[in-house]
Number of protein chains: 2
Amino acid sequence: MKETVEEQQDFVKDITKMSDDFDRWYTDVVRKAELADWSGVRGMMVVRPYGWAMWEAIQRAFDDMIKESGHENWAFPLLIPREFLMKEAEHVEGFAPEVAWVTKAGARMEELEDPLAVRPTSETIIGAIIKRYIQSHRDLPKLTNQWNSVVRWEMRSRLFLRSREFWWQEGHTFHAYAQEGMDEANLILNYYRSIAEDWLAVPVLIGRKSPSETFPGAVYTLTLEGLMRDGLALQMGTSHYFGQNFSRAYDISFSNKDNERELCYSTSWGISTRMVGAIVMAHGDDSGLIVPPKVAPVQVVVVPIFRDAEGRAKVEKFINSWAPELKAAGIRSRVDWRDERPGDKYAHWELKGVPLRLNVGGRDADAGQVELVDRLSREKRALPAAGLAQALGGELQKFQTRLFERAQAFQRANTFELGTLDEVIAHFRDRGGFVWVQWCGDEAEEARVKTDAGGVTIRTIDEDTRPSGNCFVCGRPATLRVALAKAY
Amino acid sequence: MKETVEEQQDFVKDITKMSDDFDRWYTDVVRKAELADWSGVRGMMVVRPYGWAMWEAIQRAFDDMIKESGHENWAFPLLIPREFLMKEAEHVEGFAPEVAWVTKAGARMEELEDPLAVRPTSETIIGAIIKRYIQSHRDLPKLTNQWNSVVRWEMRSRLFLRSREFWWQEGHTFHAYAQEGMDEANLILNYYRSIAEDWLAVPVLIGRKSPSETFPGAVYTLTLEGLMRDGLALQMGTSHYFGQNFSRAYDISFSNKDNERELCYSTSWGISTRMVGAIVMAHGDDSGLIVPPKVAPVQVVVVPIFRDAEGRAKVEKFINSWAPELKAAGIRSRVDWRDERPGDKYAHWELKGVPLRLNVGGRDADAGQVELVDRLSREKRALPAAGLAQALGGELQKFQTRLFERAQAFQRANTFELGTLDEVIAHFRDRGGFVWVQWCGDEAEEARVKTDAGGVTIRTIDEDTRPSGNCFVCGRPATLRVALAKAY
């Protein structure tokens with residue numbers, strides 16, 4: 001992955017075709033559609049306004065959901081003392097290799113007595129802090145969340161998917177009952193599904209992770225997995241149930257209804273700016289992005305078409321006669337008055353994936369109508385200026401639905417059910433997608449599949465369907481139905 | 001300042017009286033009203049939901065303002081290479097003593113080739129990044145902002161006012177014209193004034209800082225200064241005009257209309273979680289907080305009063321008959337069903353500064369009314385349940401106005417105009433407040449005032465009033481009218 005700071009390019013031209021090289025296409029689109037760039041600090045990205053606005057839309061949607069169900073936002077410290085980080089053994093093992101350490105501070109760069117970790121995730125510091133607010137079962141549940149960035153010293157990097165800093169929310173909850181903790185992990189998983197499917201128009205598989213993919217320190221991890229247009233899976237969020245593991249390490253206890261001390265049951269869960277990468281890879285095409293209307297920074301772009309000052313005045317007057325209605329109706333629209341040719345503007349906004357474009361020329365003004373072109377079908381249709389805001393509101397809803405249905409059709413066409421490891425190996429030799437198989441649950445076999453099938457992993461365990469038949473690896477009776485895929 | 005992690009206390013009792021010890025009163029209120037606490041990591045705080053919700057209200061209000069005027073949110077990296085930080089000489093000198101350095105990372109805590117600063121502020125990294133997006137005057141202005149936290153290795157600490165991490169927004173803008181940059185710094189100062197006065201109900205002085213208080217690297221710094229109830233001033237936000245200083249250091253240039261390379265003119269500006277501290281200190285009293293309705297997490301609390309299950313059922317039914325209306329009207333209300341005595345609940349919500357309280361008993365239910373008590377006057381009044389939401393909306397507006405007027409009266413009563421340094425010294429021996437004086441502008445005199453008058457500083461220069469008479473220190477003709485105060 002190149003990280004050199006390039007001059008801004010004339011970004012309408014020369015996007016690698018998706019079919020030629022998906023990885024280059026992805027990087028081209030992310031950079032030329034002005035979503036994000038490498039920052040010049042190795043492995044760290046800068047998120048630009050067009051990308052950040054999508055994240056803000058996701059933030060708003062998810063924040064509303066969790067507040068409605070009683071969760072509260074906190075701000076916990078960025079820097080975590082080493083001793084805090086070291087208390088939960090599996091957790092340390094999982095995260096220690098990725099930690100950046102503050103070791104010096106102040107005027108003469110004095111050595112700190114004890115190094116501080118830049119948070120890679122906050123279970124440890126939240127555990128150390130939250131316990132002072134928990135005395136009795138009446139103080140529970142504690143449903144905390146924070147929006148921040150975390151640092152993980154990744155060696156590979158890919159914009160939005162893997163970088164040394166990313167932005168996310170991390171929820172951490174503490175309960176008096178195990179069942180309540182498990183219900184919480186499920187509730188959040190379903191919120192995440194709603195964000196993916198209802199907001200980002202990306203259908204997902206949801207279920208449990210296999211032990212090898214479980215979060216360090218968790219009893220189990222729930223996941224949502226989307227399918228990208230290159231056939232690779234993307235883990236779009238996770239929700240972990242810890243049982244009493246973290247409470248034991250951090251001594252987070254409460255007096256229960258029988259007035260006995262008991263350790264809390266806890267969860268944690270997160271979605272990140274990776275979601276923006278999912279939008280790109282789940283919906284994009286050779287022309288660039290396609291942004292779901294519900295998170296689109298610009299939902300409708302207006303391209304005025306004219307030859308001279310007189311023509312411009314006419315078109316401008318016409319546009320001004322209805323543009324304020326769009327804003328009043330809550331439609332995020334922009335009129336592109338830049339000094340460029342209409343064709344270049346079309347390509348520009350197609351690259352940026354704006355759902356609806358209105359071409360407006362002098363004849364349209366005369367006829368009291370606009371020409372609507374949508375980013376999916378690219379068909380042109382006339383729409384009367386009268387009632388335009390309402391018509392566009394309807395078009396945006398339809399667009400959102402069609403985009404989801406298109407992704408769903410793609411997912412269906414790329415989901416398979418196979419019986420043996422040989423079939424699995426053959427399948428992934430030249431295809432992607434999800435492959436459902438029956439599995440006995442043996443971890444050594446999971447590792448073997450990964451090696452033999454070129455990096456294929458178990459993305460999720462189906463918790464709704466009863467397993468049947470025999471394990472695809474060893475032929476013993478299956479105990480689990482699992483989805484395999486190559487993944488980011 | 002103690003930072004030990006204490007057990008949560010029965011927070012209704014034993015707040016130090018404001019008149020006995022303002023500092024202890026402040027800490028008591030911040031902690032016992034559940035705004036924030038020390039985290040257990042030296043000098044770093046944890047902001048609790050009740051405090052964070054106030055910050056979220058401020059964020060929403062300010063974010064709306066800047067977006068309306070074309071500013072865009074970005075996310076720039078947390079970690080800044082040392083070489084970036086070192087380019088602007090004054091800036092380095094100002095911030096280097098406060099920087100925390102990441103020097104090691106990864107599995108074996110390997111030493112980094114070059115240390116990375118945890119951002120104390122982002123002028124340097126933004127300068128280094130933004131220039132790639134600026135080629136011509138058509139790319140300007142670039143109006144960037146980000147919401148994040150920064151780390152400064154402070155040696156003193158005070159919750160919300162001074163801590164090693166705080167949360168803020170930092171705006172950074174780049175312009176083709178000097179005047180446009182200066183206008184920007186002013187525009188933002190006026191947004192800040194609106195946040196302080198219209199949202200937090202804290203009247204402020206606004207103006208320019210003296211050279212000794214100017215931001216390192218700035219041409220000039222604009223400030224807003226509130227007056228706290230102990231008579232000390234609090235700097236509540238600053239807006240800096242850099243001219244071409246940073247653009248020169250970071251080579252941020254554009255081709256102007258004459259097709260010549262020219263350095264950009266830039267600004268930066270920030271407000272922080274310090275604003276929450278201002279709410280506490282500008283409005284609080286011996287009973288605790290008083291929160292301005294526009295940023296109050298809970299605007300109306302309902303305390304049900306009953307003796308037995310039957311009484312409870314009656315009151316509950318009555319409350320349920322109108323409580324949904326409050327939510328529908330956008331009023332943030334809560335019914336306190338906790339198993340505590342009403343008197344304890346009153347004290348609890350007074351401590352938390354909830355503007356309006358409704359006491360609701362069986363007789364109120366019979367009469368179809370509630371008893372309204374407001375946090376400022378504490379007078380009781382009956383309000384009919386019919387039309388309650390609308391009535392409370394009006395009451396909240398009135399409360400906001402009265403709170404501002406009270407703070408304004410306090411500010412007026414504590415603003416003075418004095419003629420000589422002796423008078424200034426005598427004044428600050430046993431009083432606080434703002435003292436306007438005429439000054440010649442000599443920096444050595446500014447330092448002398450600080451020493452002789454026990455830490456008094458020039459808070460702001462009046463840019464609207466023409467100076468007159470003689471300098472309060474040396475008697476030479478005055479060139480500036482300035483406000484003195486002791487400050488946080």
# chains A, B, ... in the order shown; residues from 1 in each chain; ligands from 1
>>> interface_residues(of="chain B", to="chain A", cutoff="6 Å", atoms="only C-alpha atoms", output="PDB file with C-alpha atoms, in the first residue's frame")
ATOM      1  CA  GLU B   7     -15.735   5.650  46.884  1.00  0.00           C
ATOM      2  CA  VAL B  46     -13.371  10.987  33.239  1.00  0.00           C
ATOM      3  CA  VAL B  47     -16.442  12.899  32.099  1.00  0.00           C
ATOM      4  CA  ARG B  48     -19.641  11.267  33.319  1.00  0.00           C
ATOM      5  CA  PRO B  49     -22.903  11.208  31.367  1.00  0.00           C
ATOM      6  CA  GLU B  72     -16.587  21.140   7.297  1.00  0.00           C
ATOM      7  CA  ASN B  73     -15.567  18.521   9.834  1.00  0.00           C
ATOM      8  CA  TRP B  74     -12.423  16.471   9.209  1.00  0.00           C
ATOM      9  CA  ALA B  75     -10.513  13.904  11.239  1.00  0.00           C
ATOM     10  CA  PHE B  76      -6.780  14.555  11.355  1.00  0.00           C
ATOM     11  CA  PRO B  97       6.904  21.750  27.450  1.00  0.00           C
ATOM     12  CA  GLU B  98       3.427  20.227  27.510  1.00  0.00           C
ATOM     13  CA  VAL B  99       3.788  17.415  25.005  1.00  0.00           C
ATOM     14  CA  ALA B 100       3.405  13.694  25.746  1.00  0.00           C
ATOM     15  CA  TRP B 101       5.555  11.596  23.412  1.00  0.00           C
ATOM     16  CA  VAL B 102       4.918   8.173  21.924  1.00  0.00           C
ATOM     17  CA  LYS B 104       7.675   2.897  21.507  1.00  0.00           C
ATOM     18  CA  ALA B 105       5.184   0.647  19.795  1.00  0.00           C
ATOM     19  CA  GLY B 106       4.359  -2.891  18.853  1.00  0.00           C
ATOM     20  CA  ALA B 107       5.034  -6.368  20.122  1.00  0.00           C
ATOM     21  CA  ARG B 132      -1.903  19.273  -0.737  1.00  0.00           C
ATOM     22  CA  TRP B 153       1.142  17.694  30.289  1.00  0.00           C
TER      23      TRP B 153
END
>>> residues_around(residues="segment 287-297 of chain A", least_positions_apart="6", cutoff="8 Å", atoms="only C-alpha atoms", output="list in words")
Ile15, Val29, Ala33, Tyr50, Ala53, Met54, Ala57, Ile58, Trp199, Leu200, Ala201, Ile279, Val280, Arg332, Ala347, Glu350, Leu351, Lys352, Gly353, Val354, Pro355, Arg375, Leu376, Leu396, Gln397, Phe399, Gln400 and Leu403 of chain A
>>> residues_around(residues="Pro384 of chain B", least_positions_apart="2", cutoff="7 Å", atoms="only C-alpha atoms", output="ChimeraX atom specification")
/B:368-370,382,386,388
>>> residues_around(residues="segment 326-331 of chain B", least_positions_apart="6", cutoff="9 Å", atoms="only C-alpha atoms", output="short mmCIF file (atom, residue, chain, number, x, y, z; two decimals) with C-alpha atoms, in the first residue's frame")
data_model
loop_
_atom_site.label_atom_id
_atom_site.label_comp_id
_atom_site.auth_asym_id
_atom_site.auth_seq_id
_atom_site.Cartn_x
_atom_site.Cartn_y
_atom_site.Cartn_z
CA VAL B 298 -32.78 17.08 32.42
CA GLN B 299 -34.90 20.21 32.10
CA VAL B 300 -37.85 19.08 34.18
CA LEU B 388 -48.62 21.56 30.72
CA ALA B 389 -46.08 21.00 27.94
CA GLN B 390 -46.67 24.44 26.50
CA LEU B 392 -43.31 24.36 30.77
CA GLY B 393 -41.80 25.36 27.43
#
>>> atom_distance(atom1="atom CA of Phe472 of chain A", atom2="atom CA of Pro211 of chain A")
18.1 Å
>>> atom_distance(atom1="atom CA of Val360 of chain A", atom2="atom CA of Gly394 of chain A")
19.7 Å
>>> select_by_dssp(residues="segment 113-228 of chain B", states="alpha helix (DSSP H)", output="mmCIF file with C-alpha atoms, in the first residue's frame")
data_model
loop_
_atom_site.group_PDB
_atom_site.id
_atom_site.type_symbol
_atom_site.label_atom_id
_atom_site.label_comp_id
_atom_site.auth_asym_id
_atom_site.auth_seq_id
_atom_site.Cartn_x
_atom_site.Cartn_y
_atom_site.Cartn_z
ATOM 1 C CA GLU B 123 -2.046 23.547 13.652
ATOM 2 C CA THR B 124 1.124 21.734 12.643
ATOM 3 C CA ILE B 125 -0.303 18.487 11.318
ATOM 4 C CA ILE B 126 -3.198 20.219 9.616
ATOM 5 C CA GLY B 127 -0.785 22.639 8.000
ATOM 6 C CA ALA B 128 1.312 19.755 6.741
ATOM 7 C CA ILE B 129 -1.736 17.956 5.323
ATOM 8 C CA ILE B 130 -4.012 20.709 4.071
ATOM 9 C CA ALA B 178 -5.886 38.701 4.991
ATOM 10 C CA GLN B 179 -9.168 40.515 5.561
ATOM 11 C CA GLU B 180 -11.136 37.342 5.020
ATOM 12 C CA GLY B 181 -9.016 35.589 7.660
ATOM 13 C CA MET B 182 -9.590 38.401 10.139
ATOM 14 C CA ASP B 183 -13.315 38.345 9.410
ATOM 15 C CA GLU B 184 -13.316 34.608 10.052
ATOM 16 C CA ALA B 185 -11.652 35.025 13.459
ATOM 17 C CA ASN B 186 -14.344 37.569 14.309
ATOM 18 C CA LEU B 187 -17.213 35.484 13.007
ATOM 19 C CA ILE B 188 -16.180 32.593 15.223
ATOM 20 C CA LEU B 189 -15.687 34.846 18.237
ATOM 21 C CA ASN B 190 -19.278 35.919 17.811
ATOM 22 C CA TYR B 191 -20.456 32.322 17.547
ATOM 23 C CA TYR B 192 -18.606 31.670 20.795
ATOM 24 C CA ARG B 193 -20.262 34.654 22.388
ATOM 25 C CA SER B 194 -23.608 33.243 21.329
#
>>> residues_around(residues="Ser212 of chain A", least_positions_apart="6", cutoff="9 Å", atoms="only C-alpha atoms", output="list in words")
Glu443, Glu446 and Ala447 of chain A
>>> write_last_selection(atoms="C-alpha atoms", output="short mmCIF file (atom, residue, chain, number, x, y, z; two decimals), in the first residue's frame")
data_model
loop_
_atom_site.label_atom_id
_atom_site.label_comp_id
_atom_site.auth_asym_id
_atom_site.auth_seq_id
_atom_site.Cartn_x
_atom_site.Cartn_y
_atom_site.Cartn_z
CA GLU A 443 -10.35 -26.00 16.07
CA GLU A 446 -10.48 -24.57 11.31
CA ALA A 447 -6.75 -23.83 11.09
#
>>> residues_around(residues="Phe160 of chain B", least_positions_apart="2", cutoff="7 Å", atoms="only C-alpha atoms", output="PyMOL selection string")
chain B and resi 158+162-163+273-274+276-277
>>> select_by_dssp(residues="segment 32-239 of chain A", states="strand (DSSP E or B)", output="PyMOL selection string")
chain A and resi 36-38+45-47+72-73+75+79-81+100-105+110-118+136+142-151+158+162+165-175+204-208+220-227+233-239
